[in-house]
>>> print(open('work.tsv').read())   # TSV, N, CA and C atoms
chain	number	residue	atom	x	y	z
A	1	MET	N	20.21	-15.29	4.91
A	1	MET	CA	19.18	-16.27	5.11
A	1	MET	C	19.69	-17.47	5.91
A	2	LYS	N	20.91	-17.95	5.56
A	2	LYS	CA	21.50	-19.07	6.29
A	2	LYS	C	21.78	-18.69	7.73
A	3	LYS	N	22.22	-17.44	7.93
A	3	LYS	CA	22.51	-16.97	9.29
A	3	LYS	C	21.24	-16.96	10.13
A	4	ALA	N	20.15	-16.46	9.56
A	4	ALA	CA	18.88	-16.40	10.28
A	4	ALA	C	18.40	-17.80	10.64
A	5	ALA	N	18.56	-18.75	9.72
A	5	ALA	CA	18.15	-20.13	9.99
A	5	ALA	C	19.00	-20.73	11.11
A	6	ALA	N	20.30	-20.43	11.10
A	6	ALA	CA	21.18	-20.95	12.14
A	6	ALA	C	20.81	-20.38	13.50
A	7	VAL	N	20.48	-19.10	13.55
A	7	VAL	CA	20.08	-18.46	14.81
A	7	VAL	C	18.78	-19.07	15.32
A	8	LEU	N	17.82	-19.28	14.43
A	8	LEU	CA	16.55	-19.90	14.84
A	8	LEU	C	16.76	-21.33	15.32
A	9	ALA	N	17.63	-22.08	14.66
A	9	ALA	CA	17.92	-23.45	15.08
A	9	ALA	C	18.57	-23.47	16.45
A	10	ALA	N	19.51	-22.57	16.70
A	10	ALA	CA	20.18	-22.49	18.00
A	10	ALA	C	19.18	-22.14	19.09
A	11	ALA	N	18.28	-21.22	18.80
A	11	ALA	CA	17.26	-20.83	19.78
A	11	ALA	C	16.33	-21.99	20.09
A	12	ALA	N	15.98	-22.78	19.09
A	12	ALA	CA	15.11	-23.94	19.31
A	12	ALA	C	15.80	-24.99	20.16
A	13	ILE	N	17.08	-25.21	19.91
A	13	ILE	CA	17.85	-26.18	20.71
A	13	ILE	C	17.92	-25.72	22.16
A	14	PHE	N	18.20	-24.42	22.40
A	14	PHE	CA	18.26	-23.91	23.77
A	14	PHE	C	16.90	-24.07	24.45
A	15	ALA	N	15.84	-23.74	23.75
A	15	ALA	CA	14.50	-23.83	24.35
A	15	ALA	C	14.17	-25.28	24.70
A	16	ALA	N	14.58	-26.22	23.85
A	16	ALA	CA	14.30	-27.62	24.12
A	16	ALA	C	15.11	-28.13	25.31
A	17	ALA	N	16.35	-27.66	25.46
A	17	ALA	CA	17.21	-28.12	26.55
A	17	ALA	C	16.89	-27.42	27.86
A	18	HIS	N	16.27	-26.27	27.82
A	18	HIS	CA	15.97	-25.45	28.98
A	18	HIS	C	14.56	-25.75	29.46
A	19	THR	N	14.45	-26.34	30.62
A	19	THR	CA	13.15	-26.70	31.15
A	19	THR	C	12.90	-25.96	32.45
A	20	ALA	N	11.87	-25.12	32.44
A	20	ALA	CA	11.50	-24.44	33.68
A	20	ALA	C	10.97	-25.49	34.64
A	21	LEU	N	11.26	-25.33	35.90
A	21	LEU	CA	10.77	-26.25	36.92
A	21	LEU	C	9.59	-25.59	37.61
A	22	ALA	N	8.44	-26.22	37.57
A	22	ALA	CA	7.20	-25.72	38.17
A	22	ALA	C	6.89	-24.33	37.67
A	23	GLY	N	6.93	-23.30	38.54
A	23	GLY	CA	6.60	-21.93	38.15
A	23	GLY	C	7.81	-21.20	37.61
A	24	ASP	N	7.63	-19.91	37.36
A	24	ASP	CA	8.74	-19.10	36.87
A	24	ASP	C	9.76	-18.83	37.97
A	25	THR	N	9.30	-18.72	39.20
A	25	THR	CA	10.20	-18.46	40.33
A	25	THR	C	9.85	-19.38	41.49
A	26	ALA	N	10.83	-19.57	42.36
A	26	ALA	CA	10.65	-20.43	43.53
A	26	ALA	C	10.79	-19.58	44.79
A	27	SER	N	10.04	-19.94	45.81
A	27	SER	CA	10.20	-19.32	47.12
A	27	SER	C	11.52	-19.81	47.71
A	28	VAL	N	12.11	-19.01	48.60
A	28	VAL	CA	13.39	-19.38	49.22
A	28	VAL	C	13.21	-19.47	50.73
A	29	TYR	N	13.71	-20.58	51.29
A	29	TYR	CA	13.70	-20.80	52.74
A	29	TYR	C	15.13	-20.95	53.21
A	30	LEU	N	15.52	-20.17	54.20
A	30	LEU	CA	16.84	-20.29	54.80
A	30	LEU	C	16.67	-20.82	56.21
A	31	ASN	N	17.23	-22.00	56.47
A	31	ASN	CA	17.09	-22.66	57.78
A	31	ASN	C	15.64	-22.74	58.22
A	32	GLY	N	14.74	-23.04	57.26
A	32	GLY	CA	13.33	-23.21	57.55
A	32	GLY	C	12.51	-21.93	57.59
A	33	VAL	N	13.15	-20.77	57.47
A	33	VAL	CA	12.44	-19.49	57.53
A	33	VAL	C	12.29	-18.93	56.12
A	34	LYS	N	11.05	-18.66	55.73
A	34	LYS	CA	10.80	-18.12	54.39
A	34	LYS	C	11.42	-16.73	54.27
A	35	GLN	N	12.18	-16.54	53.19
A	35	GLN	CA	12.83	-15.26	52.93
A	35	GLN	C	11.93	-14.38	52.06
A	36	ASP	N	12.15	-13.10	52.10
A	36	ASP	CA	11.35	-12.15	51.34
A	36	ASP	C	11.91	-12.01	49.92
A	37	LEU	N	12.01	-13.14	49.22
A	37	LEU	CA	12.46	-13.11	47.83
A	37	LEU	C	12.05	-14.39	47.16
A	38	SER	N	11.99	-14.34	45.85
A	38	SER	CA	11.78	-15.54	45.05
A	38	SER	C	12.82	-15.51	43.94
A	39	VAL	N	13.19	-16.69	43.48
A	39	VAL	CA	14.28	-16.78	42.52
A	39	VAL	C	13.89	-17.68	41.35
A	40	PRO	N	14.49	-17.43	40.18
A	40	PRO	CA	14.26	-18.36	39.07
A	40	PRO	C	15.03	-19.66	39.32
A	41	VAL	N	14.45	-20.76	38.95
A	41	VAL	CA	15.11	-22.07	39.03
A	41	VAL	C	14.71	-22.82	37.76
A	42	TYR	N	15.67	-23.42	37.08
A	42	TYR	CA	15.36	-24.22	35.91
A	42	TYR	C	16.36	-25.33	35.75
A	43	GLU	N	16.03	-26.26	34.87
A	43	GLU	CA	16.90	-27.39	34.63
A	43	GLU	C	17.41	-27.33	33.19
A	44	ILE	N	18.68	-27.62	33.01
A	44	ILE	CA	19.27	-27.72	31.68
A	44	ILE	C	20.29	-28.84	31.69
A	45	ASP	N	20.21	-29.71	30.73
A	45	ASP	CA	21.13	-30.83	30.61
A	45	ASP	C	21.25	-31.62	31.92
A	46	GLY	N	20.14	-31.79	32.63
A	46	GLY	CA	20.15	-32.56	33.87
A	46	GLY	C	20.66	-31.83	35.09
A	47	ASN	N	20.97	-30.53	34.95
A	47	ASN	CA	21.47	-29.72	36.06
A	47	ASN	C	20.41	-28.72	36.50
A	48	THR	N	20.15	-28.65	37.80
A	48	THR	CA	19.26	-27.62	38.32
A	48	THR	C	20.09	-26.35	38.47
A	49	MET	N	19.63	-25.28	37.82
A	49	MET	CA	20.34	-24.00	37.81
A	49	MET	C	19.66	-23.04	38.77
A	50	VAL	N	20.47	-22.35	39.57
A	50	VAL	CA	19.97	-21.40	40.56
A	50	VAL	C	20.75	-20.08	40.43
A	51	PRO	N	20.16	-18.97	40.87
A	51	PRO	CA	20.86	-17.69	40.76
A	51	PRO	C	21.94	-17.55	41.83
A	52	ILE	N	23.10	-17.06	41.43
A	52	ILE	CA	24.22	-16.98	42.36
A	52	ILE	C	24.04	-15.91	43.42
A	53	ARG	N	23.64	-14.69	43.04
A	53	ARG	CA	23.66	-13.57	43.98
A	53	ARG	C	22.83	-13.81	45.24
A	54	PRO	N	21.52	-14.11	45.14
A	54	PRO	CA	20.76	-14.25	46.40
A	54	PRO	C	21.25	-15.39	47.29
A	55	ILE	N	21.67	-16.49	46.68
A	55	ILE	CA	22.13	-17.62	47.48
A	55	ILE	C	23.45	-17.30	48.17
A	56	PHE	N	24.40	-16.75	47.42
A	56	PHE	CA	25.70	-16.44	48.01
A	56	PHE	C	25.59	-15.31	49.03
A	57	GLU	N	24.72	-14.33	48.78
A	57	GLU	CA	24.56	-13.26	49.77
A	57	GLU	C	23.91	-13.78	51.05
A	58	LEU	N	22.98	-14.74	50.94
A	58	LEU	CA	22.41	-15.35	52.15
A	58	LEU	C	23.50	-16.10	52.93
A	59	ALA	N	24.52	-16.58	52.21
A	59	ALA	CA	25.64	-17.30	52.84
A	59	ALA	C	26.76	-16.34	53.24
A	60	HIS	N	26.48	-15.04	53.23
A	60	HIS	CA	27.41	-13.99	53.68
A	60	HIS	C	28.61	-13.78	52.75
A	61	TYR	N	28.42	-14.03	51.47
A	61	TYR	CA	29.45	-13.73	50.48
A	61	TYR	C	29.21	-12.33	49.94
A	62	LYS	N	30.29	-11.66	49.57
A	62	LYS	CA	30.19	-10.43	48.80
A	62	LYS	C	30.22	-10.87	47.34
A	63	VAL	N	29.29	-10.38	46.54
A	63	VAL	CA	29.18	-10.80	45.14
A	63	VAL	C	29.31	-9.56	44.25
A	64	GLU	N	30.24	-9.64	43.28
A	64	GLU	CA	30.44	-8.52	42.35
A	64	GLU	C	30.39	-9.03	40.92
A	65	TRP	N	29.77	-8.24	40.04
A	65	TRP	CA	29.66	-8.55	38.62
A	65	TRP	C	30.60	-7.66	37.84
A	66	ASP	N	31.43	-8.25	36.99
A	66	ASP	CA	32.34	-7.52	36.11
A	66	ASP	C	31.77	-7.64	34.69
A	67	GLU	N	31.06	-6.59	34.25
A	67	GLU	CA	30.39	-6.61	32.95
A	67	GLU	C	31.38	-6.80	31.81
A	68	MET	N	32.51	-6.11	31.89
A	68	MET	CA	33.48	-6.18	30.80
A	68	MET	C	34.02	-7.60	30.60
A	69	ARG	N	34.32	-8.28	31.68
A	69	ARG	CA	34.85	-9.65	31.61
A	69	ARG	C	33.76	-10.71	31.64
A	70	ARG	N	32.51	-10.28	31.91
A	70	ARG	CA	31.37	-11.20	32.07
A	70	ARG	C	31.72	-12.28	33.09
A	71	ARG	N	32.09	-11.78	34.29
A	71	ARG	CA	32.57	-12.66	35.35
A	71	ARG	C	32.02	-12.22	36.70
A	72	ILE	N	31.73	-13.19	37.54
A	72	ILE	CA	31.29	-12.96	38.92
A	72	ILE	C	32.49	-13.22	39.82
A	73	SER	N	32.72	-12.33	40.78
A	73	SER	CA	33.73	-12.54	41.81
A	73	SER	C	33.00	-12.59	43.15
A	74	THR	N	33.33	-13.58	43.95
A	74	THR	CA	32.73	-13.68	45.28
A	74	THR	C	33.85	-13.75	46.31
A	75	THR	N	33.59	-13.15	47.46
A	75	THR	CA	34.56	-13.22	48.55
A	75	THR	C	33.84	-13.43	49.87
A	76	THR	N	34.51	-14.14	50.74
A	76	THR	CA	34.05	-14.37	52.09
A	76	THR	C	35.31	-14.54	52.94
A	77	MET	N	35.14	-14.68	54.24
A	77	MET	CA	36.30	-14.87	55.11
A	77	MET	C	37.07	-16.14	54.74
A	78	LEU	N	36.40	-17.11	54.13
A	78	LEU	CA	37.01	-18.38	53.81
A	78	LEU	C	37.75	-18.39	52.48
A	79	GLY	N	37.53	-17.38	51.63
A	79	GLY	CA	38.23	-17.36	50.35
A	79	GLY	C	37.46	-16.63	49.27
A	80	SER	N	37.91	-16.84	48.04
A	80	SER	CA	37.30	-16.14	46.90
A	80	SER	C	37.09	-17.11	45.74
A	81	LEU	N	36.15	-16.73	44.87
A	81	LEU	CA	35.86	-17.49	43.66
A	81	LEU	C	35.75	-16.51	42.50
A	82	LYS	N	36.18	-16.93	41.32
A	82	LYS	CA	35.98	-16.18	40.09
A	82	LYS	C	35.25	-17.12	39.14
A	83	ILE	N	34.03	-16.72	38.75
A	83	ILE	CA	33.15	-17.57	37.97
A	83	ILE	C	32.89	-16.87	36.63
A	84	GLN	N	33.35	-17.49	35.57
A	84	GLN	CA	33.25	-16.92	34.22
A	84	GLN	C	32.01	-17.45	33.52
A	85	ILE	N	31.21	-16.55	32.95
A	85	ILE	CA	30.06	-16.97	32.16
A	85	ILE	C	30.58	-17.79	30.97
A	86	GLY	N	29.97	-18.94	30.74
A	86	GLY	CA	30.34	-19.78	29.60
A	86	GLY	C	31.51	-20.72	29.83
A	87	SER	N	32.10	-20.73	31.02
A	87	SER	CA	33.24	-21.60	31.30
A	87	SER	C	32.90	-22.56	32.44
A	88	THR	N	33.35	-23.78	32.33
A	88	THR	CA	33.10	-24.76	33.40
A	88	THR	C	34.18	-24.75	34.47
A	89	LEU	N	35.22	-23.91	34.30
A	89	LEU	CA	36.28	-23.82	35.31
A	89	LEU	C	36.07	-22.60	36.20
A	90	VAL	N	36.16	-22.81	37.50
A	90	VAL	CA	36.04	-21.74	38.48
A	90	VAL	C	37.38	-21.63	39.21
A	91	ALA	N	37.90	-20.42	39.34
A	91	ALA	CA	39.14	-20.21	40.08
A	91	ALA	C	38.80	-20.05	41.56
A	92	GLN	N	39.41	-20.87	42.40
A	92	GLN	CA	39.21	-20.80	43.84
A	92	GLN	C	40.46	-20.20	44.47
A	93	ASN	N	40.28	-19.18	45.27
A	93	ASN	CA	41.38	-18.53	45.98
A	93	ASN	C	42.55	-18.19	45.05
A	94	GLY	N	42.21	-17.81	43.83
A	94	GLY	CA	43.21	-17.34	42.89
A	94	GLY	C	43.92	-18.41	42.09
A	95	ASN	N	43.79	-19.69	42.48
A	95	ASN	CA	44.54	-20.68	41.72
A	95	ASN	C	43.90	-22.06	41.60
A	96	GLN	N	43.28	-22.57	42.62
A	96	GLN	CA	42.74	-23.93	42.57
A	96	GLN	C	41.49	-23.99	41.68
A	97	PRO	N	41.55	-24.71	40.54
A	97	PRO	CA	40.36	-24.78	39.69
A	97	PRO	C	39.33	-25.76	40.22
A	98	TYR	N	38.08	-25.43	39.99
A	98	TYR	CA	36.95	-26.30	40.33
A	98	TYR	C	36.19	-26.51	39.03
A	99	LEU	N	35.87	-27.74	38.68
A	99	LEU	CA	35.17	-28.05	37.44
A	99	LEU	C	33.67	-28.15	37.70
A	100	LEU	N	32.91	-27.30	37.00
A	100	LEU	CA	31.45	-27.30	37.13
A	100	LEU	C	30.83	-28.37	36.24
A	101	SER	N	29.65	-28.85	36.62
A	101	SER	CA	28.94	-29.85	35.82
A	101	SER	C	28.38	-29.24	34.53
A	102	THR	N	28.13	-27.96	34.51
A	102	THR	CA	27.74	-27.21	33.32
A	102	THR	C	28.15	-25.77	33.53
A	103	TYR	N	28.25	-25.01	32.47
A	103	TYR	CA	28.75	-23.64	32.59
A	103	TYR	C	27.69	-22.66	33.10
A	104	PRO	N	28.11	-21.64	33.83
A	104	PRO	CA	27.19	-20.58	34.25
A	104	PRO	C	26.67	-19.82	33.03
A	105	ARG	N	25.48	-19.31	33.15
A	105	ARG	CA	24.87	-18.57	32.04
A	105	ARG	C	23.96	-17.47	32.57
A	106	ILE	N	23.64	-16.53	31.70
A	106	ILE	CA	22.73	-15.44	32.04
A	106	ILE	C	21.33	-15.85	31.60
A	107	TYR	N	20.37	-15.75	32.52
A	107	TYR	CA	18.97	-16.08	32.23
A	107	TYR	C	18.12	-14.93	32.73
A	108	ASN	N	17.46	-14.23	31.81
A	108	ASN	CA	16.62	-13.07	32.16
A	108	ASN	C	17.38	-12.08	33.04
A	109	GLY	N	18.64	-11.82	32.69
A	109	GLY	CA	19.44	-10.83	33.41
A	109	GLY	C	20.05	-11.32	34.72
A	110	THR	N	19.91	-12.61	35.02
A	110	THR	CA	20.41	-13.18	36.27
A	110	THR	C	21.46	-14.24	35.98
A	111	THR	N	22.58	-14.21	36.69
A	111	THR	CA	23.61	-15.23	36.52
A	111	THR	C	23.18	-16.50	37.24
A	112	MET	N	23.10	-17.58	36.48
A	112	MET	CA	22.66	-18.87	37.00
A	112	MET	C	23.84	-19.84	37.04
A	113	ILE	N	23.92	-20.61	38.12
A	113	ILE	CA	24.98	-21.60	38.30
A	113	ILE	C	24.35	-22.93	38.70
A	114	PRO	N	25.08	-24.03	38.52
A	114	PRO	CA	24.55	-25.33	38.94
A	114	PRO	C	24.33	-25.37	40.46
A	115	MET	N	23.19	-25.92	40.86
A	115	MET	CA	22.85	-25.97	42.28
A	115	MET	C	23.88	-26.77	43.09
A	116	ASP	N	24.43	-27.84	42.51
A	116	ASP	CA	25.42	-28.62	43.26
A	116	ASP	C	26.66	-27.79	43.57
A	117	PHE	N	27.06	-26.91	42.66
A	117	PHE	CA	28.20	-26.04	42.92
A	117	PHE	C	27.85	-25.00	43.98
A	118	ALA	N	26.66	-24.42	43.92
A	118	ALA	CA	26.24	-23.44	44.93
A	118	ALA	C	26.33	-24.06	46.32
A	119	SER	N	25.91	-25.30	46.44
A	119	SER	CA	25.96	-26.00	47.72
A	119	SER	C	27.41	-26.26	48.16
A	120	ALA	N	28.23	-26.75	47.24
A	120	ALA	CA	29.63	-27.06	47.57
A	120	ALA	C	30.40	-25.80	47.94
A	121	ALA	N	30.16	-24.71	47.22
A	121	ALA	CA	30.91	-23.48	47.45
A	121	ALA	C	30.53	-22.79	48.76
A	122	THR	N	29.24	-22.81	49.10
A	122	THR	CA	28.79	-22.11	50.30
A	122	THR	C	28.86	-22.98	51.55
A	123	GLY	N	28.89	-24.30	51.35
A	123	GLY	CA	28.87	-25.19	52.51
A	123	GLY	C	27.47	-25.37	53.06
A	124	TYR	N	26.47	-24.89	52.35
A	124	TYR	CA	25.07	-25.04	52.76
A	124	TYR	C	24.46	-26.19	51.96
A	125	THR	N	23.46	-26.87	52.52
A	125	THR	CA	22.71	-27.81	51.71
A	125	THR	C	21.67	-26.99	50.95
A	126	ILE	N	21.52	-27.27	49.69
A	126	ILE	CA	20.55	-26.56	48.85
A	126	ILE	C	19.75	-27.60	48.11
A	127	GLN	N	18.44	-27.56	48.28
A	127	GLN	CA	17.56	-28.52	47.63
A	127	GLN	C	16.39	-27.78	47.01
A	128	TYR	N	15.95	-28.28	45.86
A	128	TYR	CA	14.78	-27.71	45.20
A	128	TYR	C	13.65	-28.71	45.27
A	129	SER	N	12.47	-28.24	45.66
A	129	SER	CA	11.28	-29.08	45.69
A	129	SER	C	10.31	-28.59	44.62
A	130	ALA	N	10.12	-29.41	43.59
A	130	ALA	CA	9.17	-29.05	42.54
A	130	ALA	C	7.74	-29.07	43.08
A	131	ALA	N	7.47	-29.97	44.03
A	131	ALA	CA	6.11	-30.09	44.59
A	131	ALA	C	5.66	-28.79	45.26
A	132	SER	N	6.58	-28.14	45.99
A	132	SER	CA	6.21	-26.89	46.66
A	132	SER	C	6.80	-25.68	45.96
A	133	ASP	N	7.51	-25.91	44.85
A	133	ASP	CA	8.17	-24.84	44.08
A	133	ASP	C	8.97	-23.94	45.03
A	134	ALA	N	9.87	-24.60	45.78
A	134	ALA	CA	10.64	-23.87	46.79
A	134	ALA	C	12.10	-24.35	46.80
A	135	LEU	N	12.98	-23.42	47.12
A	135	LEU	CA	14.40	-23.69	47.25
A	135	LEU	C	14.70	-23.66	48.74
A	136	PHE	N	15.23	-24.76	49.28
A	136	PHE	CA	15.54	-24.87	50.70
A	136	PHE	C	17.04	-24.81	50.90
A	137	ILE	N	17.49	-23.81	51.66
A	137	ILE	CA	18.91	-23.59	51.93
A	137	ILE	C	19.12	-23.73	53.43
A	138	ASN	N	20.02	-24.63	53.81
A	138	ASN	CA	20.26	-24.87	55.23
A	138	ASN	C	21.74	-24.89	55.54
A	139	GLU	N	22.11	-24.21	56.63
A	139	GLU	CA	23.50	-24.24	57.10
A	139	GLU	C	23.78	-25.63	57.63
A	140	LEU	N	25.00	-26.09	57.41
A	140	LEU	CA	25.38	-27.41	57.93
A	140	LEU	C	25.74	-27.33	59.38
>>> encode(input="work.tsv", output="structure tokens")
Amino acid sequence: MKKAAAVLAAAAIFAAAHTALAGDTASVYLNGVKQDLSVPVYEIDGNTMVPIRPIFELAHYKVEWDEMRRRISTTTMLGSLKIQIGSTLVAQNGNQPYLLSTYPRIYNGTTMIPMDFASAATGYTIQYSAASDALFINEL
């Protein structure tokens, strides 16, 4: 009984901290051109969370999921990242740690990361507009 109450309390706390932004999914624009995909976007603890795979693949990263380790590995000509679900530390190029503003998490089967990190890692500007429910990604 105590376990069930604890699980319900944890679920209520997550639901209260997790705020969907506008609709369930946002349209994606790359350099002003609408892409043929939509992505989930939400806010938690003051951080806008975005899905890693579509954003990093648009930025020409190879993205791999390691189910056993619950970790994302990304590679590009510029380097590699290892992003662990539930950890705020990201390994860059095998050794340099990067501290995230909040930890990556799984949301409806999709790995979500802080939008500021997605922008810093890809070198693209990434902005979310609640008014148009759209994610704008632009090369610098």
>>> closest_residue(input="work.tsv", among="A:Pro114, A:Gly86, A:Pro40, A:Gly94", to="A:Ala26", atoms="all atoms listed in the file")
A:Pro40
>>> residues_around(input="work.tsv", residues="A:Leu30", least_positions_apart="4", cutoff="12 Å", atoms="only C-alpha atoms", output="PyMOL selection string")
chain A and resi 34-38+54-59+124-127+134-140
>>> residues_around(input="work.tsv", residues="A:Gln96", least_positions_apart="5", cutoff="12 Å", atoms="only C-alpha atoms", output="list of chain:residue names")
A:Gly79, A:Ser80, A:Leu81, A:Lys82, A:Leu89, A:Val90, A:Ala91
>>> residues_around(input="work.tsv", residues="stretch 75-78 of chain A", least_positions_apart="3", cutoff="7 Å", atoms="all atoms listed in the file", output="list in words")
His60, Tyr61, Lys62, Val63, Glu64 and Leu81 of chain A
>>> select_by_dssp(input="work.tsv", residues="stretch 9-91 of chain A", states="strand (DSSP E)", output="MDAnalysis selection string")
chainID A and resid 18:20 26:30 33:39 42:44 47:51 62:66 71:76 79:84 89:91
>>> atom_distance(input="work.tsv", atom1="atom N of A:Gly123", atom2="atom C of A:Gly46")
19.7 Å
>>> atom_distance(input="work.tsv", atom1="atom CA of A:Asp24", atom2="atom CA of A:Val41")
7.4 Å
>>> atom_distance(input="work.tsv", atom1="atom C of A:Asp66", atom2="atom N of A:Gln84")
10.0 Å
>>> select_by_dssp(input="work.tsv", residues="stretch 12-94 of chain A", states="alpha helix (DSSP H)", output="ChimeraX atom specification")
/A:12-17,52-58
>>> residues_near_point(input="work.tsv", point="(20.2, -27.5, 33.4)", cutoff="10 Å", atoms="only C-alpha atoms", output="short mmCIF file (atom, residue, chain, number, x, y, z; two decimals) with N, CA and C atoms, keeping the file's coordinate frame")
data_model
loop_
_atom_site.label_atom_id
_atom_site.label_comp_id
_atom_site.auth_asym_id
_atom_site.auth_seq_id
_atom_site.Cartn_x
_atom_site.Cartn_y
_atom_site.Cartn_z
N ALA A 17 16.35 -27.66 25.46
CA ALA A 17 17.21 -28.12 26.55
C ALA A 17 16.89 -27.42 27.86
N HIS A 18 16.27 -26.27 27.82
CA HIS A 18 15.97 -25.45 28.98
C HIS A 18 14.56 -25.75 29.46
N THR A 19 14.45 -26.34 30.62
CA THR A 19 13.15 -26.70 31.15
C THR A 19 12.90 -25.96 32.45
N ALA A 20 11.87 -25.12 32.44
CA ALA A 20 11.50 -24.44 33.68
C ALA A 20 10.97 -25.49 34.64
N VAL A 41 14.45 -20.76 38.95
CA VAL A 41 15.11 -22.07 39.03
C VAL A 41 14.71 -22.82 37.76
N TYR A 42 15.67 -23.42 37.08
CA TYR A 42 15.36 -24.22 35.91
C TYR A 42 16.36 -25.33 35.75
N GLU A 43 16.03 -26.26 34.87
CA GLU A 43 16.90 -27.39 34.63
C GLU A 43 17.41 -27.33 33.19
N ILE A 44 18.68 -27.62 33.01
CA ILE A 44 19.27 -27.72 31.68
C ILE A 44 20.29 -28.84 31.69
N ASP A 45 20.21 -29.71 30.73
CA ASP A 45 21.13 -30.83 30.61
C ASP A 45 21.25 -31.62 31.92
N GLY A 46 20.14 -31.79 32.63
CA GLY A 46 20.15 -32.56 33.87
C GLY A 46 20.66 -31.83 35.09
N ASN A 47 20.97 -30.53 34.95
CA ASN A 47 21.47 -29.72 36.06
C ASN A 47 20.41 -28.72 36.50
N THR A 48 20.15 -28.65 37.80
CA THR A 48 19.26 -27.62 38.32
C THR A 48 20.09 -26.35 38.47
N MET A 49 19.63 -25.28 37.82
CA MET A 49 20.34 -24.00 37.81
C MET A 49 19.66 -23.04 38.77
N VAL A 50 20.47 -22.35 39.57
CA VAL A 50 19.97 -21.40 40.56
C VAL A 50 20.75 -20.08 40.43
N SER A 101 29.65 -28.85 36.62
CA SER A 101 28.94 -29.85 35.82
C SER A 101 28.38 -29.24 34.53
N THR A 102 28.13 -27.96 34.51
CA THR A 102 27.74 -27.21 33.32
C THR A 102 28.15 -25.77 33.53
N TYR A 103 28.25 -25.01 32.47
CA TYR A 103 28.75 -23.64 32.59
C TYR A 103 27.69 -22.66 33.10
N PRO A 104 28.11 -21.64 33.83
CA PRO A 104 27.19 -20.58 34.25
C PRO A 104 26.67 -19.82 33.03
N MET A 112 23.10 -17.58 36.48
CA MET A 112 22.66 -18.87 37.00
C MET A 112 23.84 -19.84 37.04
N ILE A 113 23.92 -20.61 38.12
CA ILE A 113 24.98 -21.60 38.30
C ILE A 113 24.35 -22.93 38.70
N PRO A 114 25.08 -24.03 38.52
CA PRO A 114 24.55 -25.33 38.94
C PRO A 114 24.33 -25.37 40.46
N MET A 115 23.19 -25.92 40.86
CA MET A 115 22.85 -25.97 42.28
C MET A 115 23.88 -26.77 43.09
#
>>> closest_residue(input="work.tsv", among="A:Ile83, A:Ile72, A:Val28, A:Leu100", to="A:Asp133", atoms="only N, CA and C atoms")
A:Val28
